[in-house]
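Note sheet for the following structure.
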Amino acid sequence: CLLEEERALMSHQYSDRASIEQDFTANQVPIMRDPLYLSAEEDEAYVTSAYEEERMIDFTNPDDKSWQGQVPVNEGWTWYADNKFNDKYGLIANNSTGESHVTISLTGSKNALVEISYVISYENFGRGFAWLDDSQDNNKRDLCKKVLRLCRKDKGDAATWRVTERGECKAYVDGADVVLNGIWKAKASVDSVTILREKLPEGQQKYLHICLSPPDIRTHQGADNKFKLLSVRTF
């Protein structure tokens, strides 16, 4: 609803509500969302103590550059504000061939979870993938050069992220890797978060690796191939 209201305001078609907005709970026969049930462990991780013992690396604050000491390897990423008013900062890679790689030093927190926050947009943005490693070196340099695409192994299978060669889906991305999809169809740029599958136990130190992948020419919009990292936190 907020997205539709923003579109209406930007088009100068003002009204009390966007035409598509509807509160289904106010219908004569209310339509309610299905309830979301959390286990005790999920409630503890995502609600009760999600922010109690977090470790945050923030790339959005121009007055705090402490993150620089936690980036031992930077291959093609630049910290700057990319919007009209020069106030929305992030660590940004922009490379039409992909390959841009950054390593971030992390220490695990109470719930052993690693969260990556980044921008998704409809034009000039691309995809990347992330993984944890004991080494700060990029041991997946070849994979960083591959296009990422949602493919089905066989007819009827669910679509899964795979790497492509010469336009054809070839191999699945390793299960420990997480694809960071910075593209969607809505004409708006918003923040998104992804939590790594691999856990990082409290007190344990590892390196988070993030690579920018080459654009998928079938779906890519715009001349740039950008990925904007906002923050990384362990909690």
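Labels for the structure tokens follow display order: chains A, B, ..., residues from 1 in each chain, ligands from 1.
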Do you know which residues are at most 10 Å from Lys140 of chain A counting only C-alpha atoms, after dropping those on the same chain fewer than 5 positions away, and could you put them as a short mmCIF file (atom, residue, chain, number, x, y, z; two decimals) with C-alpha atoms, in the first residue's frame?
data_model
loop_
_atom_site.label_atom_id
_atom_site.label_comp_id
_atom_site.auth_asym_id
_atom_site.auth_seq_id
_atom_site.Cartn_x
_atom_site.Cartn_y
_atom_site.Cartn_z
CA GLU A 99 33.95 -10.13 -10.06
CA HIS A 101 34.72 -8.86 -4.17
CA TRP A 131 29.51 -17.08 1.97
CA LYS A 145 32.54 -14.51 -12.90
CA HIS A 209 32.72 -12.80 1.41
CA CYS A 211 30.84 -11.03 -4.80
#
Practice prompt. Write out as a list in words which residues come within 10 Å of Glu41 of chain A when counting only C-alpha atoms, dropping same-chain ones fewer than 6 positions away.
Written response: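 Those residues are Val47, Thr48 and Asn111 of chain A.
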Worksheet item: Just how far from atom CA of Asn95 of chain A is atom CA of Ile210 of chain A, in Å to one decimal?
Response: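 Taking atom CA of Ile210 of chain A as the start and atom CA of Asn95 of chain A as the end point, the length is 13.7 Å.
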Worksheet item: Which is closer to Tyr172 of chain A than all the others in A:Leu91, A:Ala26, A:Leu36, A:Leu150, using only C-alpha atoms?
Response: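 Of all the options, A:Leu150 lies closest to Tyr172 of chain A.
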Worksheet entry | Members of segment 45-227 of chain A assigned strand (DSSP E or B) by DSSP, as JSON, numbers by chain | {"A": [55, 56, 57, 58, 73, 74, 75, 77, 78, 79, 80, 81, 89, 90, 91, 92, 93, 94, 101, 102, 103, 104, 105, 106, 107, 114, 115, 116, 117, 118, 119, 120, 121, 125, 127, 128, 129, 130, 131, 132, 133, 147, 148, 149, 150, 151, 160, 161, 162, 163, 164, 165, 168, 169, 170, 171, 172, 178, 179, 180, 181, 183, 190, 191, 192, 193, 194, 195, 205, 206, 207, 208, 209, 210, 211, 212, 226, 227]}
Include C-alpha atoms and write out the residues we just selected as an mmCIF file, in the first residue's frame.
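That gives us result.cif:
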data_model
loop_
_atom_site.group_PDB
_atom_site.id
_atom_site.type_symbol
_atom_site.label_atom_id
_atom_site.label_comp_id
_atom_site.auth_asym_id
_atom_site.auth_seq_id
_atom_site.Cartn_x
_atom_site.Cartn_y
_atom_site.Cartn_z
ATOM 1 C CA ARG A 55 27.422 -6.700 16.456
ATOM 2 C CA MET A 56 26.678 -4.202 13.694
ATOM 3 C CA ILE A 57 28.861 -3.080 10.787
ATOM 4 C CA ASP A 58 27.081 -0.031 9.379
ATOM 5 C CA VAL A 73 40.101 -7.180 1.367
ATOM 6 C CA ASN A 74 38.365 -4.798 -1.028
ATOM 7 C CA GLU A 75 38.408 -5.508 -4.750
ATOM 8 C CA TRP A 77 33.918 -1.652 -3.845
ATOM 9 C CA THR A 78 33.585 2.079 -3.061
ATOM 10 C CA TRP A 79 31.923 3.808 -0.098
ATOM 11 C CA TYR A 80 29.788 6.755 -1.192
ATOM 12 C CA ALA A 81 26.253 8.197 -1.408
ATOM 13 C CA TYR A 89 25.612 5.998 1.857
ATOM 14 C CA GLY A 90 26.628 2.421 1.294
ATOM 15 C CA LEU A 91 29.484 0.205 0.161
ATOM 16 C CA ILE A 92 28.900 -0.087 -3.575
ATOM 17 C CA ALA A 93 30.228 -2.250 -6.398
ATOM 18 C CA ASN A 94 29.439 -1.411 -10.012
ATOM 19 C CA HIS A 101 34.717 -8.860 -4.171
ATOM 20 C CA VAL A 102 34.849 -7.718 -0.556
ATOM 21 C CA THR A 103 35.836 -9.532 2.637
ATOM 22 C CA ILE A 104 34.380 -8.515 6.013
ATOM 23 C CA SER A 105 35.678 -9.788 9.340
ATOM 24 C CA LEU A 106 32.886 -11.043 11.630
ATOM 25 C CA THR A 107 32.514 -12.365 15.164
ATOM 26 C CA VAL A 114 24.494 -13.349 10.159
ATOM 27 C CA GLU A 115 22.254 -10.766 8.480
ATOM 28 C CA ILE A 116 23.132 -8.805 5.332
ATOM 29 C CA SER A 117 21.219 -5.619 4.481
ATOM 30 C CA TYR A 118 21.313 -4.214 0.944
ATOM 31 C CA VAL A 119 19.289 -2.271 -1.632
ATOM 32 C CA ILE A 120 16.986 -3.846 -4.190
ATOM 33 C CA SER A 121 15.838 -1.836 -7.185
ATOM 34 C CA PHE A 125 21.136 -3.064 -9.974
ATOM 35 C CA ARG A 127 22.930 -9.774 -8.007
ATOM 36 C CA GLY A 128 25.649 -11.091 -5.810
ATOM 37 C CA PHE A 129 26.257 -13.986 -3.493
ATOM 38 C CA ALA A 130 27.761 -14.396 -0.045
ATOM 39 C CA TRP A 131 29.511 -17.084 1.974
ATOM 40 C CA LEU A 132 31.569 -17.555 5.131
ATOM 41 C CA ASP A 133 35.150 -18.771 5.130
ATOM 42 C CA VAL A 147 25.894 -15.285 -14.172
ATOM 43 C CA LEU A 148 23.301 -16.223 -11.539
ATOM 44 C CA ARG A 149 19.871 -17.275 -12.766
ATOM 45 C CA LEU A 150 16.747 -18.928 -11.365
ATOM 46 C CA CYS A 151 16.491 -22.270 -13.172
ATOM 47 C CA THR A 160 16.737 -22.712 -7.782
ATOM 48 C CA TRP A 161 19.639 -20.327 -8.173
ATOM 49 C CA ARG A 162 22.214 -21.793 -10.540
ATOM 50 C CA VAL A 163 25.280 -20.500 -12.341
ATOM 51 C CA THR A 164 25.170 -20.259 -16.113
ATOM 52 C CA GLU A 165 27.685 -20.667 -18.891
ATOM 53 C CA GLU A 168 22.678 -22.171 -20.156
ATOM 54 C CA CYS A 169 22.104 -23.242 -16.571
ATOM 55 C CA LYS A 170 24.951 -25.533 -15.574
ATOM 56 C CA ALA A 171 25.532 -26.021 -11.874
ATOM 57 C CA TYR A 172 23.747 -25.279 -8.619
ATOM 58 C CA VAL A 178 23.392 -17.307 -0.327
ATOM 59 C CA VAL A 179 22.311 -15.365 -3.409
ATOM 60 C CA LEU A 180 21.697 -11.665 -2.779
ATOM 61 C CA ASN A 181 19.114 -10.649 -5.356
ATOM 62 C CA ILE A 183 16.592 -6.804 -8.527
ATOM 63 C CA VAL A 190 14.023 -0.300 -0.946
ATOM 64 C CA ASP A 191 16.126 -1.986 1.709
ATOM 65 C CA SER A 192 16.177 -5.763 1.942
ATOM 66 C CA VAL A 193 17.798 -8.278 4.283
ATOM 67 C CA THR A 194 19.049 -11.824 3.877
ATOM 68 C CA ILE A 195 20.161 -14.152 6.663
ATOM 69 C CA GLN A 205 35.523 -15.435 14.017
ATOM 70 C CA LYS A 206 35.137 -15.905 10.283
ATOM 71 C CA TYR A 207 35.241 -13.862 7.099
ATOM 72 C CA LEU A 208 32.125 -12.925 5.168
ATOM 73 C CA HIS A 209 32.722 -12.798 1.412
ATOM 74 C CA ILE A 210 30.444 -10.958 -1.012
ATOM 75 C CA CYS A 211 30.843 -11.027 -4.799
ATOM 76 C CA LEU A 212 29.040 -9.028 -7.468
ATOM 77 C CA LYS A 226 25.397 -2.182 -9.160
ATOM 78 C CA PHE A 227 25.151 -3.725 -5.722
#
Worksheet item: Which distance in Å separates atom CA of Cys144 of chain A and atom CA of Gly182 of chain A, to one decimal?
Response: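 Atom CA of Gly182 of chain A lies at a distance of 15.6 Å from atom CA of Cys144 of chain A.
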